[in-house]
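Asks: First the structure, then my questions, so here it is.
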Amino acid sequence: MSMDEPDGKAARTRRTARLAGALIGCGGVLWGTAPLAAAPQEPAGAEPRQVSRPPAGFQPAGPAIDGPPAPLPPATISRDARGGATVRAVRLDEPLRLDGVLDEPIYARVEPFGGFIQQAPDEGAPATEDTDNWIFFDDESIYVGARVHESVPESEWVANEMQRDSFQLINNDGYIVVLDTFYDRRNGFAFRVNPIGGFSDRQVTDEGNPNPDWNPVWDVRTGRFDGGWTVEMEIPFQSLRFRPGADQVWGIQVGRDIRSNYEEAYLTAVPISAGPGQFRLSVAGTLVGLEVPADSRTFEIKPYAIGSLNTDRTVVPPISNDGDRSGGVDVKYGLTENLTADFTYNTDFAQVEVDEQQINLTRFSLFFPEKREFFLESQGIFDFGRVAGFGDFGGSTRGILNAPAGAFPAGDAPTLFFSRRIGLDQEGRTVPIVGGGRLTGKVGDFSVGAINIQTDDARASAALPTNFSVLRVKRDILRRSRVGAIFTNRSVSLRGDGANQAYGLDASFSFYDNVNMYGYYARTNTPGLQGNNESYRAAFSYEGDLYGLLVDHLQVGRNFNPEIGFMRREDFRRSYVYAQFSPRPEGIEAVRQFTWGGSVDYIENGAGQLETRILSGRFETSFENSDTLSADIQQDYEFLPRPFAITDAVTIPVGGYEFTDFQVSYELGPHRRVAGSLSFQHGEFFGGDITAVGYSRGRIEVSRQFAVEPGISWNRITLPQGSFTARVATTRSTYTFTPRMFASALLQYNSTNNVLSTNVRLRWEYEPGSELFVVYNDQRDTFRDLRNRGFPMLENRAFVVKLTRQFRF
């Protein structure tokens with residue numbers, strides 16, 4: 001984009017018109033007749049670049065290539081007419097210095113590949129910026145180098161986050177690499193970096209469910225050149241899993257987020273309806289030429305030492321500044337290149353950030369996400385009861401104040417394995433974990449996951465020593481489909497003597513780009529609960545860019561009781577239909593997309609009586625500057641079979657209630673220095689009315705290293721039985737020293753339980769895989785002691801120092 005052109009839809013259209021008719025290039029040379037753009041300037045002394053077509057039928061060792069044939073040297077890419085690509089990795093003949101400079105001779109000798117294709121906003125058009133890419137390897141690691149061209153000055157780049165794995169990184173300019181190491185076209189490992197060196201890693205399962213808590217050992221450096229920025233990544237083979245054998249064929253996707261143009265572009269053509277294009281691995285490219293070491297199995301030992309001071313005035317007898325010290329160890333061992341066992345002894349999670357406060361104005365359970373690293377790694381293998389894409393349609397969080405993103409990952413569908421049931425009691429208090437193990441990986445077309453954990457007794461919660469076991473198996477079928485089974489066992493049931501088991505079968509079928517069918521059947525066994533212990537679900541969705549449709553039916557029996565799972569609601573039958581229409585207007589300069597949507601949610605209890613009916617309509621406008629304006633209206637019917645104590649002082653009596661409300665919100669684009677969603681809600685509520693004002697997902701960029709994330713929700717509820725105001729406020733401040741070192745402070749206030757809490761954390765990854773944590777937690781009661789000294793009374797406090805050290809063999 002020239003500097004004198006205005007940004008926005010008109011400028012983008014002119015840029016696309018200049019590129020129209022071009023075929024996608026590789027290394028500045030095209031297989032076609034129309035030039036795409038001038039090739040990057042050749043380094044002095046470099047050999048002229050040329051592209052050779054591989055002979056018909058050429059096939060390297062390994063699985064059959066799903067795409068164009070492998071390129072012959074010196075070419076590093078071949079393409080087909082559908083936008084597919086096959087890329088060749090090149091062995092290093094001398095060590096690569098990881099500094100982001102790209103000054104080694106191999107960058108001049110080996111031609112780069114490029115020719116990215118837009119996924120959004122102009123699906124199928126060439127990317128507006130060039131990107132030169134190289135894939136190298138040696139006996140230890142795979143390396144990715146990139147020269148990322150930018151036609152706008154650095155002052156217009158969006159790069160305001162350095163913290164590793166921060167969610168904000170997806171809202172920055174980014175360079176992305178995804179490796180599908182099993183070449184199953186559905187699972188992979190994603191790596192991202194922004195221009196100032198902030199990086200993240202994700203484990204991708206079934207073309208979605210990205211797990212940000214997978215933290216492998218790898219390294220990345222960025223730099224600058226006249227016209228953009230540079231990237232060098234080093235990813236050890238030991239940090240990955242792949243098929244046995246020296247010669248490998250992997251899937252690969254390489255892409256960019258260009259926030260100055262609100263553009264997403266990838267190596268291969270990705271449909272705009274696919275959502276985040278980096279996860280649609282079924283249309284990713286192919287990587288050939290890799291040679292992995294004969295034995296690259298993982299063997300890691302990670303001991304830890306911890307010291308703490310604790311005060312707790314809520315227990316009997318109370319404790320004050322009670323010192324403690326402890327230690328433990330985690331071991332990771334690769335049984336094969338693609339199957340890994342993890343063992344843990346005397347597991348401790350003191351470094352984990354506390355849960356964010358929520359206020360519940362519904363009669364159903366709150367969901368708090370898992371944050372403990374041991375359970376988060378490879379968690380996608382254990383998913384049951386949902387599939388990528390379905391969770392976006394439904395599962396309303398109306399009535400849940402300050403609900404986190406993904407508050408109900410499966411809507412009202414039960415989750416058969418919810419890892420927070422292990423090591424935490426029903427009140428969220430810690431139960432000691434003695435030790436345990438986990439086995440995850442792939443065996444042929446099967447994904448396998450197994451967990452066995454032993455917990456100890458806990459005086460504060462009266463928990464008994466309990467063994468938890470989970471077994472999950474999934475089988476890949478067709479191109480993007482799977483079938484699977486799960487079994488869970490809790491040796492001591494929450495209902496008394498005997499064990500609790502859950503088991504089920506599930507299937508997901510995906511056809512074309514947007515058609516999905518999904519279903520499961522599950523049962524549980526619980527002492528004292530006989531019959532009516534089943535749950536099943538069947539759903540169909542079409543998730544196109546212009547049209548969307550979901551039809552879903554779910555049933556949960558009265559005695560269905562997965563005690564290592566999570567259920568928001570019991571004993572019900574739900575039918576749900578959602579439809580949307582989302583045109584992209586060409587004649588409105590400021591608007592990227594309109595969305596009209598409507599849904600019907602109909603829920604009966606097990607006796608066939610209507611309990612919930614929700615009719616909703618929604619209109620949303622997505623602007624070219626990434627802001628979003630939305631408005632929705634919702635009509636509810638709720639039958640209360642028993643009195644509902646919405647607060648300690650207000651109880652809503654048994655009966656049927658019909659009420660209507662509306663909500664308007666405006667969300668500032670997440671790339672802005674001040675971002676977040678402002679909302680206003682007003683209407684009827686259980687025979688009274690509700691008025692609510694909120695600011696959620698807020699972020700204020702003070703500098704590239706310091707950000708403040710405020711959030712507030714104020715709700716005034718007036719009912720015939722009484723009136724009250726519910727307030728929740730949170731503020732998280734984070735200062736990032738380097739991508740591997742940050743300090744954060746989370747301050748929270750919840751008016752419904754009179755809690756003021758503080759969580760301060762310092763995390764320093766002093767070398768890859770080894771960390772130092774310094775944590776301070778403080779919780780106070782804002783009601784009981786305000787009348788005395790004017791300062792909330794201390795309930796509990798902890799100061800913790802934890803040191804880990806990873807040894808890799």
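Residue numbering restarts at 1 in every chain; chains get A, B, ... in the order shown in the structure tokens, and ligands count up from 1 in that same order.
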As an NGL selection string, please: the residues near range 477-492 of chain A (cut-off 9 Å, only C-alpha atoms, same-chain neighbours under 6 positions excluded).
Replies: :A and (184-186 or 206-207 or 282 or 382 or 384 or 416-417 or 445 or 464-471 or 498-511 or 522 or 562-565)
Asks: Leaving out range 569-572 of chain A and any residue of its chain fewer than 6 positions from it, which residues lie within 7 Å of it when counting only C-alpha atoms, given as a ChimeraX atom specification?
Replies: /A:364,412,555-558,603-606
Asks: May I have a table of the residues of range 524-573 of chain A lying at most 12 Å from range 251-271 of chain A, giving each one's closest pair of atoms and their distance in Å to one decimal, counting only C-alpha atoms, ordered by chain and ascending residue number, as a Markdown table?
Replies:
| residue | atom | partner | partner_atom | distance |
| --- | --- | --- | --- | --- |
| A:Glu543 | CA | A:Pro271 | CA | 11.3 |
| A:Gly544 | CA | A:Pro271 | CA | 9.3 |
| A:Asp545 | CA | A:Pro271 | CA | 8.7 |
| A:Leu546 | CA | A:Pro271 | CA | 11.9 |
Asks: Could you tell me how far CA of Pro414 in chain A sits from CA of Phe560 in chain A, in Å to one decimal place?
Replies: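 Computed distance, CA of Phe560 in chain A to CA of Pro414 in chain A, equals 9.5 Å.
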Asks: Restricting the calculation to only C-alpha atoms: of A:Tyr512, A:Leu287, A:Arg716, A:Asp627, which residue gets closest to Pro69 in chain A?
Replies: A:Leu287
Asks: Please indicate the distance in Å from CA of Ser616 in chain A to CA of Tyr578 in chain A, rounded to one decimal place.
Replies: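 Answer for the CA of Ser616 in chain A to CA of Tyr578 in chain A separation: 9.4 Å.
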Asks: For range 144-157 of chain A, find every residue with an atom within 9 Å (counting only C-alpha atoms), except residues of its own chain fewer than 6 positions away, and show them as an NGL selection string.
Replies: :A and (1-3 or 100 or 102 or 107 or 112 or 129-137 or 172-173 or 175 or 177 or 195 or 224-235 or 256 or 258-260)
Asks: Quote the spacing between CA of Pro276 in chain A and CA of Val178 in chain A in Å to one decimal place.
Replies: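 Calculated distance between CA of Pro276 in chain A and CA of Val178 in chain A is 12.1 Å.
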Asks: So which residues touch Asp689 in chain A within 8 Å, counting only C-alpha atoms, skipping near sequence neighbours fewer than 4 positions away, as a list in words?
Replies: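 Within the cut-off, the hits are His682, Gly683, Glu684, Phe685, Ile717, Thr718 and Leu719 of chain A.
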Asks: Quick one: everything within 6 Å of Arg727 in chain A, counting only C-alpha atoms, minus sequence neighbours fewer than 3 positions away in the same chain. Send it as JSON, numbers by chain.
Replies: {"A": [713, 714, 751]}
Asks: Mind listing the alpha helix (DSSP H) residues of range 368-602 of chain A, per DSSP on the backbone, as a ChimeraX atom specification?
Replies: /A:373-376
Asks: List the spatial neighbours of Asp781 in chain A as a PyMOL selection string - criterion: any atom at most 7 Å away, only C-alpha atoms, same-chain residues fewer than 5 positions off excluded.
Replies: chain A and resi 754-756+792-795
Asks: Could you save those same residues with C-alpha atoms as a PDB file, in the first residue's frame?
Replies:
ATOM      1  CA  ASN A 754     -18.431  -9.258  50.195  1.00  0.00           C
ATOM      2  CA  VAL A 755     -15.020 -10.349  48.943  1.00  0.00           C
ATOM      3  CA  LEU A 756     -12.016  -8.172  48.144  1.00  0.00           C
ATOM      4  CA  PRO A 792     -11.864  -5.055  55.175  1.00  0.00           C
ATOM      5  CA  MET A 793     -11.040  -7.857  57.593  1.00  0.00           C
ATOM      6  CA  LEU A 794      -8.393 -10.353  56.528  1.00  0.00           C
ATOM      7  CA  GLU A 795      -9.706 -13.889  55.938  1.00  0.00           C
TER       8      GLU A 795
END
Asks: Calculated over only C-alpha atoms, which of the candidates A:Glu161, A:Glu370, A:Glu611, A:Asp213 has the smallest distance to Asn194 in chain A?
Replies: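 Looking at the shortest contact to Asn194 in chain A, the residue is A:Glu161.
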Asks: Measuring atom to atom with only C-alpha atoms, identify which of A:Arg568, A:Arg88, A:Lys442, A:Arg421 is nearest to Ala70 in chain A.
Replies: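 Of A:Arg568, A:Arg88, A:Lys442, A:Arg421, the one nearest Ala70 in chain A, counting only C-alpha atoms, is A:Arg88.
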Asks: Counting only C-alpha atoms, which residue out of A:Phe581, A:Phe349, A:Tyr749, A:Phe189 sits closest to Phe279 in chain A?
Replies: A:Phe189
Asks: Write out as an MDAnalysis selection string each polymer residue whose atoms come within 7 Å of Met741 in chain A, counting only C-alpha atoms; drop sequence neighbours fewer than 3 positions from it.
Replies: chainID A and resid 736:738 763:765
